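With CSV, C-alpha atoms inside, this is model39.csv:
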```csv
chain,number,residue,atom,x,y,z
A,1,MET,CA,-85.7,86.5,53.8
A,2,LYS,CA,-84.5,85.8,50.3
A,3,LYS,CA,-81.2,87.6,51.1
A,4,ILE,CA,-80.7,85.4,54.2
A,5,ILE,CA,-81.3,82.2,52.2
A,6,ASN,CA,-78.9,83.4,49.4
A,7,TRP,CA,-76.3,84.3,52.1
A,8,LEU,CA,-76.7,80.8,53.7
A,9,LEU,CA,-76.4,79.1,50.3
A,10,VAL,CA,-73.3,81.1,49.4
A,11,SER,CA,-71.8,80.5,52.9
A,12,ALA,CA,-72.6,76.7,52.6
A,13,PHE,CA,-70.8,76.7,49.2
A,14,PHE,CA,-67.7,78.3,50.6
A,15,ILE,CA,-67.6,76.0,53.7
A,16,ILE,CA,-67.9,72.9,51.4
A,17,ALA,CA,-65.3,74.3,49.0
A,18,ALA,CA,-63.0,75.0,51.9
A,19,GLY,CA,-63.5,71.5,53.2
A,20,CYS,CA,-62.7,70.0,49.8
A,21,SER,CA,-59.6,72.2,49.3
A,22,SER,CA,-58.2,71.5,52.7
A,23,GLY,CA,-56.9,68.4,51.0
A,24,LYS,CA,-54.2,70.5,49.5
A,25,GLY,CA,-55.2,70.5,45.8
A,26,GLY,CA,-51.6,70.2,44.6
A,27,GLN,CA,-49.9,73.3,46.1
A,28,LEU,CA,-46.6,72.0,47.6
A,29,THR,CA,-45.6,73.3,51.0
A,30,PRO,CA,-42.0,74.4,51.7
A,31,ALA,CA,-41.4,71.1,53.5
A,32,MET,CA,-42.2,69.3,50.3
A,33,GLU,CA,-40.0,71.2,48.0
A,34,GLY,CA,-36.4,70.4,47.0
A,35,LYS,CA,-34.4,67.4,48.0
A,36,LEU,CA,-36.1,64.9,50.3
A,37,TYR,CA,-35.2,61.4,51.6
A,38,THR,CA,-37.3,58.4,52.4
A,39,GLN,CA,-37.4,57.7,56.1
A,40,VAL,CA,-38.5,54.1,55.7
A,41,ASN,CA,-38.2,51.2,53.3
A,42,MET,CA,-41.1,51.0,50.9
A,43,TRP,CA,-42.3,48.6,48.2
A,44,THR,CA,-44.0,49.9,45.0
A,45,GLU,CA,-46.2,47.8,42.8
A,46,LYS,CA,-47.4,49.2,39.4
A,47,ASP,CA,-46.1,52.6,40.5
A,48,GLN,CA,-48.3,52.6,43.6
A,49,ILE,CA,-47.6,52.3,47.3
A,50,LEU,CA,-50.6,52.0,49.7
A,51,ALA,CA,-49.8,53.7,53.0
A,52,THR,CA,-50.3,50.3,54.6
A,53,ASN,CA,-47.0,49.5,52.8
A,54,TYR,CA,-47.6,46.0,51.5
A,55,GLN,CA,-44.3,44.2,51.3
A,56,ARG,CA,-44.4,43.3,47.6
A,57,GLY,CA,-43.2,44.8,44.4
A,58,ALA,CA,-40.1,46.9,43.8
A,59,PHE,CA,-38.0,47.8,46.8
A,60,ILE,CA,-37.3,51.5,47.6
A,61,PRO,CA,-34.7,51.6,50.4
A,62,VAL,CA,-34.6,54.1,53.3
A,63,ASN,CA,-32.7,57.3,52.5
A,64,SER,CA,-33.5,57.2,48.8
A,65,GLU,CA,-33.4,60.7,47.4
A,66,VAL,CA,-36.8,61.8,46.1
A,67,SER,CA,-38.7,64.8,44.8
A,68,ILE,CA,-42.4,65.4,45.3
A,69,VAL,CA,-44.3,65.9,42.1
A,70,SER,CA,-47.8,66.7,43.6
A,71,TYR,CA,-50.1,65.8,46.4
A,72,SER,CA,-53.7,65.9,47.4
A,73,SER,CA,-55.7,64.8,50.5
A,74,LYS,CA,-55.2,61.2,49.5
A,75,VAL,CA,-52.1,60.9,47.3
A,76,ILE,CA,-48.5,62.0,47.4
A,77,LYS,CA,-46.8,61.6,44.0
A,78,PHE,CA,-43.0,61.5,43.9
A,79,LYS,CA,-40.0,60.5,41.9
A,80,ILE,CA,-36.8,58.8,42.9
A,81,VAL,CA,-34.0,61.2,41.9
A,82,GLY,CA,-32.5,59.9,38.6
A,83,SER,CA,-35.8,58.2,37.5
A,84,GLU,CA,-38.7,59.5,35.5
A,85,GLN,CA,-41.1,57.0,37.2
A,86,VAL,CA,-43.8,58.8,39.2
A,87,ILE,CA,-44.9,56.8,42.2
A,88,SER,CA,-48.2,57.4,44.0
A,89,LEU,CA,-48.2,57.0,47.8
A,90,ILE,CA,-51.9,56.5,48.5
A,91,ASN,CA,-53.4,57.0,51.9
A,92,VAL,CA,-56.3,54.8,53.0
A,93,PRO,CA,-57.4,56.6,56.1
A,94,LYS,CA,-59.6,53.8,57.4
A,95,HIS,CA,-56.5,51.6,57.6
A,96,THR,CA,-53.9,54.2,58.6
A,97,ASN,CA,-56.1,56.6,60.7
A,98,LEU,CA,-53.7,59.3,59.5
A,99,THR,CA,-53.9,62.4,57.3
A,100,ILE,CA,-51.8,62.7,54.2
A,101,ASP,CA,-49.7,65.3,56.0
A,102,GLN,CA,-49.0,62.8,58.8
A,103,ILE,CA,-48.1,60.2,56.1
A,104,PHE,CA,-45.8,62.7,54.5
A,105,ASN,CA,-44.0,63.5,57.8
A,106,GLN,CA,-43.5,59.8,58.6
A,107,THR,CA,-42.2,59.0,55.1
A,108,PHE,CA,-40.1,61.9,53.9
A,109,SER,CA,-37.6,64.4,55.4
A,110,LYS,CA,-35.1,67.0,54.3
A,111,THR,CA,-32.4,64.9,55.9
A,112,LYS,CA,-31.4,61.3,55.7
A,113,LEU,CA,-32.5,59.0,58.5
A,114,ASN,CA,-29.7,58.9,61.0
A,115,MET,CA,-28.9,55.2,61.5
A,116,ASN,CA,-25.7,55.8,63.6
A,117,SER,CA,-27.3,54.3,66.7
A,118,PHE,CA,-28.5,51.2,64.9
A,119,SER,CA,-26.6,48.0,65.3
A,120,ALA,CA,-24.5,46.7,62.3
A,121,LYS,CA,-26.8,43.7,62.1
A,122,ALA,CA,-29.8,45.9,62.0
A,123,LYS,CA,-28.4,48.2,59.3
A,124,LYS,CA,-27.6,45.3,57.1
A,125,ALA,CA,-31.2,43.9,57.5
A,126,ILE,CA,-32.7,47.4,57.0
A,127,LEU,CA,-30.8,47.9,53.7
A,128,SER,CA,-32.1,44.6,52.4
A,129,GLY,CA,-35.7,45.2,53.6
A,130,ARG,CA,-35.7,42.5,56.2
A,131,LEU,CA,-36.4,42.2,60.0
A,132,GLU,CA,-34.3,40.4,62.5
A,133,THR,CA,-34.8,39.4,66.1
A,134,GLY,CA,-33.1,41.9,68.5
A,135,MET,CA,-34.0,44.9,66.4
A,136,THR,CA,-35.4,48.0,68.2
A,137,LYS,CA,-38.7,49.5,67.4
A,138,ALA,CA,-36.9,52.4,65.5
A,139,GLU,CA,-35.0,49.9,63.5
A,140,VAL,CA,-38.2,48.0,62.6
A,141,ILE,CA,-39.8,51.2,61.5
A,142,ALA,CA,-36.8,52.0,59.2
A,143,ALA,CA,-36.9,48.4,57.8
A,144,ARG,CA,-40.6,48.1,57.4
A,145,GLY,CA,-42.3,51.4,57.9
A,146,TYR,CA,-44.9,52.3,60.5
A,147,PRO,CA,-47.4,49.5,61.2
A,148,PRO,CA,-50.9,50.5,60.0
A,149,GLN,CA,-53.1,51.6,62.9
A,150,ILE,CA,-55.9,49.2,61.7
A,151,GLY,CA,-53.8,46.4,63.3
A,152,THR,CA,-51.5,48.2,65.7
A,153,PHE,CA,-53.3,50.8,67.7
A,154,SER,CA,-50.2,52.1,69.5
A,155,LEU,CA,-46.5,52.0,68.9
A,156,ASP,CA,-46.3,51.2,72.6
A,157,SER,CA,-47.9,47.8,71.9
A,158,ASN,CA,-45.7,44.7,72.2
A,159,THR,CA,-47.2,43.3,68.9
A,160,TRP,CA,-47.2,45.1,65.6
A,161,LYS,CA,-49.1,43.8,62.7
A,162,TYR,CA,-47.9,44.3,59.1
A,163,TRP,CA,-49.5,43.2,55.8
A,164,GLN,CA,-47.6,41.3,53.1
A,165,ASN,CA,-50.7,41.9,50.8
A,166,ARG,CA,-54.4,42.2,51.3
A,167,PHE,CA,-54.7,38.7,52.7
A,168,VAL,CA,-51.5,37.9,54.6
A,169,THR,CA,-50.5,39.6,57.8
A,170,ARG,CA,-47.4,39.2,59.8
A,171,ASP,CA,-46.7,40.0,63.5
A,172,VAL,CA,-43.6,41.5,65.1
A,173,ASN,CA,-43.4,40.7,68.8
A,174,PHE,CA,-41.4,42.9,71.2
A,175,ASP,CA,-40.2,42.5,74.7
A,176,LYS,CA,-38.5,45.4,76.4
A,177,GLY,CA,-38.5,47.3,73.1
A,178,LYS,CA,-36.7,44.6,71.0
A,179,VAL,CA,-38.0,42.1,68.5
A,180,THR,CA,-38.3,38.7,70.1
A,181,GLY,CA,-40.5,37.0,67.5
A,182,LEU,CA,-41.5,37.2,63.9
A,183,VAL,CA,-44.8,35.4,63.3
A,184,GLY,CA,-45.6,34.6,59.7
A,185,TRP,CA,-42.3,36.0,58.4
A,186,GLY,CA,-39.9,34.0,56.3
A,187,THR,CA,-42.3,33.8,53.3
A,188,GLY,CA,-42.5,36.2,50.3
A,189,ASN,CA,-39.9,39.0,50.4
A,190,ASN,CA,-38.9,38.3,54.0
```
Rewrite the coordinates I just gave you, this time as structure tokens.
Amino acid sequence: MKKIINWLLVSAFFIIAAGCSSGKGGQLTPAMEGKLYTQVNMWTEKDQILATNYQRGAFIPVNSEVSIVSYSSKVIKFKIVGSEQVISLINVPKHTNLTIDQIFNQTFSKTKLNMNSFSAKAKKAILSGRLETGMTKAEVIAARGYPPQIGTFSLDSNTWKYWQNRFVTRDVNFDKGKVTGLVGWGTGNN
């Protein structure tokens, strides 16, 4: 009986340890190594970006070359090439409903985001971190990032909700896949 209890305790320890380490305790995957590019515009404040991507602070444009420094189950640390500043991209799962791996895949890639199909007007807006009526959903994602799932349950929705900060939200309204209205925009950075 004592052996069974010891075996159960040891098994429980390894199960708990495996659960804790499934957060990738810092070991970079091959997809995270080498030259990477941002796939969306981001804003960093005090060297941090919440995965809800508040639109405040220093602007990091889409297709910025970056390198991953480290990552865990909640944080991806990276540097913009040519800078020593380490930026922490922090996942808040209750707001994003995503894992850190999903956040990574939405945010970084080995190749630059192909914007050849984007309109000239949209490209200009994207490169300055703005949204414009007439933009497609793909153009909005490049310009503003993915809308947090706490306010936008599906990308098929005709209204996406973004946060300017903890207290101010802004809606993007779509009709037939194109922006028809920007509710609450025009203040702050946009």
**Report entry** Neighbour residues at most 8 Å from (-42.3, 46.5, 43.6) (only C-alpha atoms) as a VMD selection string
**Finding:** chain A and resid 43 to 47 56 to 59
Query - Residue with smallest distance to Leu98 of chain A - pool A:Asn173, A:Asn41, A:Ser83, A:Ser73, counting all atoms listed in the file - result: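 Among the listed residues, the smallest separation from Leu98 of chain A belongs to A:Ser73.
A straight line drawn from atom CA of Lys77 of chain A to atom CA of Thr99 of chain A is 15.1 Å long.
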Query - Residues near Lys110 of chain A, cut-off 12 Å, all atoms listed in the file, skip fewer than 4 positions along chain, as a list in words - result: Pro30, Ala31, Met32, Glu33, Gly34, Lys35, Leu36, Tyr37, Thr38, Gln39, Asn63, Ser64, Glu65, Val66, Ser67, Ile68, Phe104, Asn105, Gln106 and Asn114 of chain A
Query raised in the report: Hey, can you check how far atom CA of Tyr146 of chain A sits from atom CA of Arg130 of chain A?
Result: 14.1 Å
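Closest approach to His95 of chain A among A:Thr107, A:Asn165, A:Thr52, A:Asn158: A:Thr52, based on all atoms listed in the file.
Within 10 Å of the point (-36.2, 51.0, 66.8) in file coordinates, and counting all atoms listed in the file, lie the residues A:Met115, A:Ser117, A:Phe118, A:Ala122, A:Gly134, A:Met135, A:Thr136, A:Lys137, A:Ala138, A:Glu139, A:Val140, A:Ile141, A:Ala142, A:Ala143, A:Gly177, A:Lys178, A:Val179.
Between atom CA of Asn97 of chain A and atom CA of Gln149 of chain A the separation is 6.2 Å.
Minimum atom-to-atom distances from A:Ser72, A:Ser119, A:Thr96, A:Thr180 to Phe153 of chain A were compared using only C-alpha atoms, and the lowest value belongs to A:Thr96.
The smallest atom-to-atom distance between Lys94 of chain A and any of A:Gly181, A:Lys123, A:Gly151, A:Ser157, using only C-alpha atoms, is found for A:Gly151.
Nearest residue to Val92 of chain A among A:Val183, A:Ile60, A:Val69, A:Val75 is A:Val75, counting only C-alpha atoms.
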